[in-house]
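To be precise, the following lines are work32.txt, and they hold compact mmCIF, C-alpha atoms.
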```
# COMPACT_ATOMS: atom_id res chain seq x y z
CA MET A 1 0.00 0.00 0.00
CA HIS A 2 1.03 3.60 -0.49
CA THR A 3 2.49 5.83 2.21
CA ARG A 4 0.52 8.80 3.55
CA GLU A 5 2.81 11.11 1.53
CA GLN A 6 2.04 9.18 -1.66
CA GLN A 7 -1.67 9.25 -0.89
CA LEU A 8 -1.62 13.03 -0.38
CA ALA A 9 0.42 13.47 -3.56
CA ALA A 10 -2.16 11.46 -5.53
CA PHE A 11 -4.96 13.60 -4.15
CA GLY A 12 -3.04 16.75 -5.01
CA ARG A 13 -2.59 15.42 -8.54
CA LEU A 14 -6.35 15.00 -8.86
CA LEU A 15 -6.91 18.58 -7.65
CA ASP A 16 -4.43 19.86 -10.26
CA ILE A 17 -6.14 17.88 -13.02
CA MET A 18 -9.51 19.24 -11.94
CA ASP A 19 -8.13 22.78 -12.19
CA ASP A 20 -6.94 22.04 -15.73
CA LEU A 21 -10.23 20.49 -16.81
CA ARG A 22 -12.31 23.32 -15.41
CA GLU A 23 -10.17 25.86 -17.26
CA LYS A 24 -9.57 24.11 -20.58
CA CYS A 25 -12.23 21.44 -21.27
CA PRO A 26 -15.47 22.72 -22.89
CA TRP A 27 -17.60 20.03 -21.25
CA ASP A 28 -16.11 20.41 -17.77
CA LYS A 29 -16.37 24.21 -17.95
CA LYS A 30 -20.12 23.99 -18.54
CA GLN A 31 -20.96 21.77 -15.57
CA THR A 32 -22.89 23.03 -12.55
CA LEU A 33 -23.87 21.51 -9.21
CA GLU A 34 -27.25 20.67 -10.71
CA SER A 35 -25.93 19.16 -13.94
CA LEU A 36 -23.61 16.83 -12.02
CA ARG A 37 -26.30 15.63 -9.61
CA HIS A 38 -27.83 12.85 -11.71
CA LEU A 39 -24.37 11.69 -12.78
CA THR A 40 -23.31 11.41 -9.13
CA ILE A 41 -26.39 9.32 -8.36
CA GLU A 42 -25.56 7.06 -11.31
CA GLU A 43 -21.97 6.63 -10.14
CA THR A 44 -23.18 5.77 -6.64
CA TYR A 45 -25.39 2.99 -7.99
CA GLU A 46 -22.51 1.69 -10.11
CA LEU A 47 -20.37 1.52 -6.97
CA GLY A 48 -23.19 -0.32 -5.23
CA ASP A 49 -23.29 -2.88 -8.05
CA ALA A 50 -19.55 -3.43 -7.83
CA ILE A 51 -19.75 -3.94 -4.07
CA LEU A 52 -22.53 -6.53 -4.39
CA ASP A 53 -20.51 -8.32 -7.09
CA ASN A 54 -17.43 -8.16 -4.82
CA ASP A 55 -15.45 -6.88 -7.80
CA LEU A 56 -12.57 -5.13 -6.03
CA GLN A 57 -11.03 -3.69 -9.17
CA GLU A 58 -14.36 -2.23 -10.23
CA ILE A 59 -14.91 -0.87 -6.70
CA LYS A 60 -11.57 0.94 -6.99
CA LYS A 61 -12.62 2.50 -10.32
CA GLU A 62 -16.06 3.53 -9.09
CA LEU A 63 -14.60 5.07 -5.93
CA GLY A 64 -12.37 7.11 -8.20
CA ASP A 65 -15.39 8.31 -10.15
CA LEU A 66 -17.12 9.38 -6.95
CA LEU A 67 -13.98 11.08 -5.65
CA LEU A 68 -13.81 13.02 -8.91
CA HIS A 69 -17.37 14.23 -8.35
CA ILE A 70 -16.55 15.41 -4.82
CA VAL A 71 -13.53 17.32 -6.11
CA PHE A 72 -15.67 18.69 -8.97
CA TYR A 73 -18.35 20.02 -6.60
CA ALA A 74 -15.69 21.58 -4.37
CA LYS A 75 -14.05 23.24 -7.38
CA ILE A 76 -17.36 24.78 -8.42
CA GLY A 77 -17.92 25.96 -4.84
CA SER A 78 -14.49 27.60 -4.77
CA GLU A 79 -15.27 29.57 -7.92
CA THR A 80 -18.10 31.36 -6.12
CA ASN A 81 -16.06 31.66 -2.90
CA ASP A 82 -18.63 29.57 -1.01
CA PHE A 83 -16.42 26.60 -0.11
CA ASP A 84 -13.44 24.62 -1.36
CA ILE A 85 -12.10 21.11 -0.83
CA ALA A 86 -10.43 22.12 2.44
CA ASP A 87 -13.79 23.33 3.78
CA VAL A 88 -15.36 20.03 2.74
CA ALA A 89 -12.66 17.96 4.44
CA ASN A 90 -12.55 20.10 7.59
CA SER A 91 -16.32 20.03 7.87
CA ILE A 92 -16.48 16.24 7.97
CA CYS A 93 -13.44 16.08 10.27
CA ASP A 94 -15.10 18.45 12.74
CA LYS A 95 -18.34 16.47 12.61
CA LEU A 96 -16.59 13.16 13.17
CA ILE A 97 -14.74 14.54 16.19
CA ASP A 98 -17.93 16.03 17.65
CA ARG A 99 -19.92 12.83 17.03
CA HIS A 100 -17.28 10.56 18.59
CA PRO A 101 -16.90 11.86 22.15
CA HIS A 102 -15.99 8.30 23.20
CA ILE A 103 -12.82 8.73 21.11
CA TYR A 104 -12.11 12.46 21.35
CA GLY A 105 -13.76 13.16 24.70
CA ASP A 106 -14.53 11.54 28.03
CA VAL A 107 -17.73 9.66 27.11
CA VAL A 108 -17.67 5.91 27.77
CA VAL A 109 -19.64 3.48 25.59
CA ALA A 110 -20.11 -0.26 26.01
CA ASN A 111 -20.86 -1.26 22.43
CA GLU A 112 -21.79 -0.24 18.89
CA GLU A 113 -25.43 0.32 19.83
CA GLU A 114 -24.55 2.97 22.40
CA VAL A 115 -22.38 4.71 19.80
CA LYS A 116 -25.39 4.94 17.45
CA GLN A 117 -27.66 6.18 20.23
CA ASN A 118 -25.19 8.90 21.21
CA TRP A 119 -24.87 9.88 17.54
CA GLU A 120 -28.62 10.58 17.29
CA LYS A 121 -28.72 12.45 20.61
CA LEU A 122 -25.82 14.66 19.53
CA LYS A 123 -27.60 15.51 16.28
CA LEU A 124 -30.63 16.72 18.26
CA LYS A 125 -28.37 18.87 20.45
CA GLU A 126 -26.96 20.43 17.27
CA GLY A 127 -30.39 21.90 16.55
CA LYS A 128 -32.24 19.23 14.61
CA LYS A 129 -35.89 19.07 15.65
CA SER A 130 -36.36 15.44 14.65
CA VAL A 131 -34.12 12.41 14.34
CA LEU A 132 -35.75 11.86 10.95
CA GLU A 133 -34.47 15.15 9.50
CA GLY A 134 -31.35 13.35 8.35
CA VAL A 135 -33.28 10.97 6.06
CA PRO A 136 -33.09 12.39 2.50
CA LYS A 137 -36.50 12.87 0.89
CA SER A 138 -35.23 11.60 -2.46
CA LEU A 139 -34.04 8.22 -1.17
CA PRO A 140 -35.64 5.18 -2.84
CA ALA A 141 -38.59 4.03 -0.71
CA LEU A 142 -37.00 0.74 0.40
CA VAL A 143 -33.78 2.40 1.50
CA LYS A 144 -35.71 5.23 3.13
CA ALA A 145 -37.83 2.80 5.18
CA SER A 146 -34.68 1.08 6.41
CA ARG A 147 -33.06 4.39 7.38
CA ILE A 148 -36.21 5.60 9.14
CA GLN A 149 -36.34 2.45 11.26
CA ASP A 150 -32.64 2.67 12.04
CA LYS A 151 -32.99 6.31 13.08
CA VAL A 152 -35.89 5.82 15.49
CA LYS A 153 -34.16 2.80 16.98
CA GLY A 154 -31.34 5.16 17.96
CA VAL A 155 -33.68 6.94 20.41
CA GLY A 156 -35.22 3.74 21.77
CA PHE A 157 -38.37 3.48 19.62
CA ASP A 158 -38.11 -0.17 18.69
CA TRP A 159 -39.35 -3.69 19.26
CA GLU A 160 -37.58 -5.78 21.88
CA GLU A 161 -37.52 -9.22 20.24
CA PRO A 162 -37.46 -10.50 16.62
CA HIS A 163 -40.54 -12.66 17.18
CA GLN A 164 -42.56 -9.52 17.97
CA VAL A 165 -41.61 -8.07 14.60
CA TRP A 166 -42.49 -11.33 12.83
CA ASP A 167 -45.88 -11.30 14.55
CA LYS A 168 -46.36 -7.80 13.19
CA VAL A 169 -45.48 -8.99 9.68
CA GLN A 170 -48.10 -11.72 9.89
CA GLU A 171 -50.65 -9.25 11.26
CA GLU A 172 -50.02 -6.91 8.32
CA VAL A 173 -50.25 -9.76 5.80
CA ASN A 174 -53.62 -10.78 7.25
CA GLU A 175 -54.87 -7.21 7.02
CA LEU A 176 -53.71 -7.05 3.40
CA GLN A 177 -55.62 -10.23 2.58
CA GLU A 178 -58.78 -8.81 4.14
CA GLU A 179 -58.56 -5.74 1.90
CA VAL A 180 -57.83 -7.89 -1.15
CA LYS A 181 -61.03 -9.79 -0.48
CA ALA A 182 -62.90 -6.51 -0.02
CA GLY A 183 -61.49 -5.21 -3.30
CA ASN A 184 -60.69 -1.72 -2.00
CA PHE A 185 -57.64 -0.68 -4.01
CA GLU A 186 -56.58 2.28 -1.85
CA LYS A 187 -56.69 0.19 1.33
CA MET A 188 -54.95 -2.68 -0.45
CA GLU A 189 -52.13 -0.36 -1.42
CA ALA A 190 -51.88 1.01 2.12
CA GLU A 191 -51.76 -2.47 3.65
CA PHE A 192 -49.24 -3.64 1.06
CA GLY A 193 -47.02 -0.74 2.10
CA ASP A 194 -47.41 -1.80 5.73
CA VAL A 195 -46.35 -5.35 4.82
CA LEU A 196 -43.22 -4.10 3.08
CA PHE A 197 -42.39 -1.74 5.95
CA SER A 198 -42.74 -4.52 8.52
CA MET A 199 -40.68 -6.93 6.40
CA ILE A 200 -37.90 -4.34 6.15
CA ASN A 201 -38.07 -3.97 9.93
CA TYR A 202 -37.80 -7.74 10.35
CA ALA A 203 -34.76 -7.77 8.06
CA ARG A 204 -33.11 -5.25 10.37
CA PHE A 205 -33.64 -7.56 13.35
CA LEU A 206 -32.07 -10.39 11.37
CA LYS A 207 -29.16 -8.05 10.53
CA ILE A 208 -29.99 -8.32 6.83
CA ASN A 209 -29.72 -5.27 4.58
CA PRO A 210 -33.03 -5.44 2.67
CA GLU A 211 -31.72 -3.39 -0.27
CA ASN A 212 -28.77 -5.73 -0.73
CA ALA A 213 -30.95 -8.80 -0.30
CA LEU A 214 -33.46 -7.65 -2.91
CA GLU A 215 -30.77 -6.59 -5.37
CA ARG A 216 -29.04 -9.97 -5.06
CA THR A 217 -32.39 -11.60 -5.81
CA ASN A 218 -32.78 -9.29 -8.83
CA LYS A 219 -29.34 -10.32 -10.10
CA LYS A 220 -30.11 -13.99 -9.52
CA PHE A 221 -33.40 -13.72 -11.42
CA ILE A 222 -31.73 -11.90 -14.31
CA LYS A 223 -29.05 -14.58 -14.65
CA ARG A 224 -31.60 -17.39 -14.61
CA PHE A 225 -33.91 -15.68 -17.07
CA MET A 226 -31.03 -14.95 -19.46
CA TYR A 227 -30.10 -18.65 -19.25
CA LEU A 228 -33.68 -19.47 -20.17
CA GLU A 229 -33.49 -17.07 -23.13
CA SER A 230 -30.22 -18.60 -24.33
CA LYS A 231 -31.67 -22.11 -24.23
CA ALA A 232 -34.74 -20.99 -26.14
CA SER A 233 -32.46 -19.37 -28.70
CA GLU A 234 -30.53 -22.63 -29.10
CA LEU A 235 -33.82 -24.35 -29.89
CA GLY A 236 -34.72 -21.61 -32.34
CA LYS A 237 -37.97 -21.08 -30.48
CA PRO A 238 -39.10 -17.67 -29.13
CA LEU A 239 -40.04 -17.62 -25.46
CA SER A 240 -43.48 -16.33 -26.42
CA GLU A 241 -44.11 -19.63 -28.23
CA MET A 242 -42.96 -21.86 -25.36
CA THR A 243 -45.30 -23.22 -22.73
CA LEU A 244 -44.71 -22.51 -19.06
CA ALA A 245 -43.90 -26.20 -18.59
CA GLU A 246 -41.18 -25.99 -21.27
CA MET A 247 -39.73 -22.83 -19.76
CA ASP A 248 -39.80 -24.35 -16.29
CA VAL A 249 -37.44 -27.13 -17.42
CA PHE A 250 -34.76 -24.62 -18.34
CA TRP A 251 -35.53 -22.54 -15.26
CA GLU A 252 -34.77 -25.52 -13.04
CA GLU A 253 -31.56 -26.07 -15.00
CA ALA A 254 -30.61 -22.45 -14.43
CA LYS A 255 -31.09 -22.86 -10.68
CA LYS A 256 -28.66 -25.77 -10.68
CA VAL A 257 -26.14 -23.85 -12.76
```

Before we go any further, please render this structure as structure tokens.
Amino acid sequence: MHTREQQLAAFGRLLDIMDDLREKCPWDKKQTLESLRHLTIEETYELGDAILDNDLQEIKKELGDLLLHIVFYAKIGSETNDFDIADVANSICDKLIDRHPHIYGDVVVANEEEVKQNWEKLKLKEGKKSVLEGVPKSLPALVKASRIQDKVKGVGFDWEEPHQVWDKVQEEVNELQEEVKAGNFEKMEAEFGDVLFSMINYARFLKINPENALERTNKKFIKRFMYLESKASELGKPLSEMTLAEMDVFWEEAKKV
């Protein structure tokens, strides 16, 4: 691995390149905070894919892309004299020191859970009116539900045992079935949301990240379905002309593969 001096030199090199690009490249000169936003989101998802695939080389590349975006935003901020990369780095350093009094102060904690609880309490002392203020509105619903539950747990609003959460899941499923029988779409949708929310909560108690679990299932389904498509292609028969029984044969093969 590189020394701290080499790491700092590499970061300085990136800052120099960003200066050059912002001055000389027509595309880079045009970018704004808003125009970069959707690209940053895309890069974040690409990093997430690489992490789930455990592709370390791809993770390295995607981290570089995200680091570029951070430097890019800071460069734009410096041009309006609002902030620069030093402000960005010092800001997170200050926050980390303030939020870790068990490291940089005299607070004693027994475990990870107490660290998280102290974190939420400190945020309220900083002026936040709700522990949920830190949950971005634009988060995907599944991720947002997970973050909401994690946040309220930090102030003690939580179930005590996993079986209580599972009982809640079953209760919500039963309520959903009642609305399905009644045929009330709005209530069906509401109860379906409750089922998902309770399942995400149960995943938390099992220490499962629901976003990762669902995405792995997505990837698994895609691989199996593409196997099915390849087998149908070998037979020269479109999937639309195959029976479910015929497709199921290849599906079972895909599961074994």

Which neighbours of A:Leu132 fall inside 8 Å, counting all atoms listed in the file, when residues of the same chain fewer than 5 positions from it are skipped, and could you give them as an MDAnalysis selection string?
chainID A and resid 148 151:152

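Here atom CA of A:Leu14 is placed at a distance of 21.3 Å from atom CA of A:Leu56.
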
Mind checking which residues fall within 12 Å of A:Thr80, counting only C-alpha atoms, ignoring those fewer than 6 positions away in the same chain, and posting them as a PyMOL selection string?
chain A and resi 32-33+73-74

Axis-aligned box for stretch 30-40 of chain A, 6 Å per side, centre and edges in Å as JSON:
```
{"center_x": -24.0, "center_y": 17.7, "center_z": -13.8, "size_x": 19.7, "size_y": 24.6, "size_z": 21.4}
```

If we draw a sphere of 12 Å around (-28.4, -22.4, -21.2), which residues have at least one atom in it when counting only C-alpha atoms? Please report them as a list of chain:residue names.
A:Lys223, A:Arg224, A:Phe225, A:Met226, A:Tyr227, A:Leu228, A:Glu229, A:Ser230, A:Lys231, A:Ala232, A:Ser233, A:Glu234, A:Leu235, A:Met247, A:Val249, A:Phe250, A:Trp251, A:Glu252, A:Glu253, A:Ala254, A:Lys255, A:Lys256, A:Val257

Among A:Ile76, A:Ala141, A:Ala245, A:Leu196, A:Glu23 is approached most closely, using all atoms listed in the file, by A:Ile76
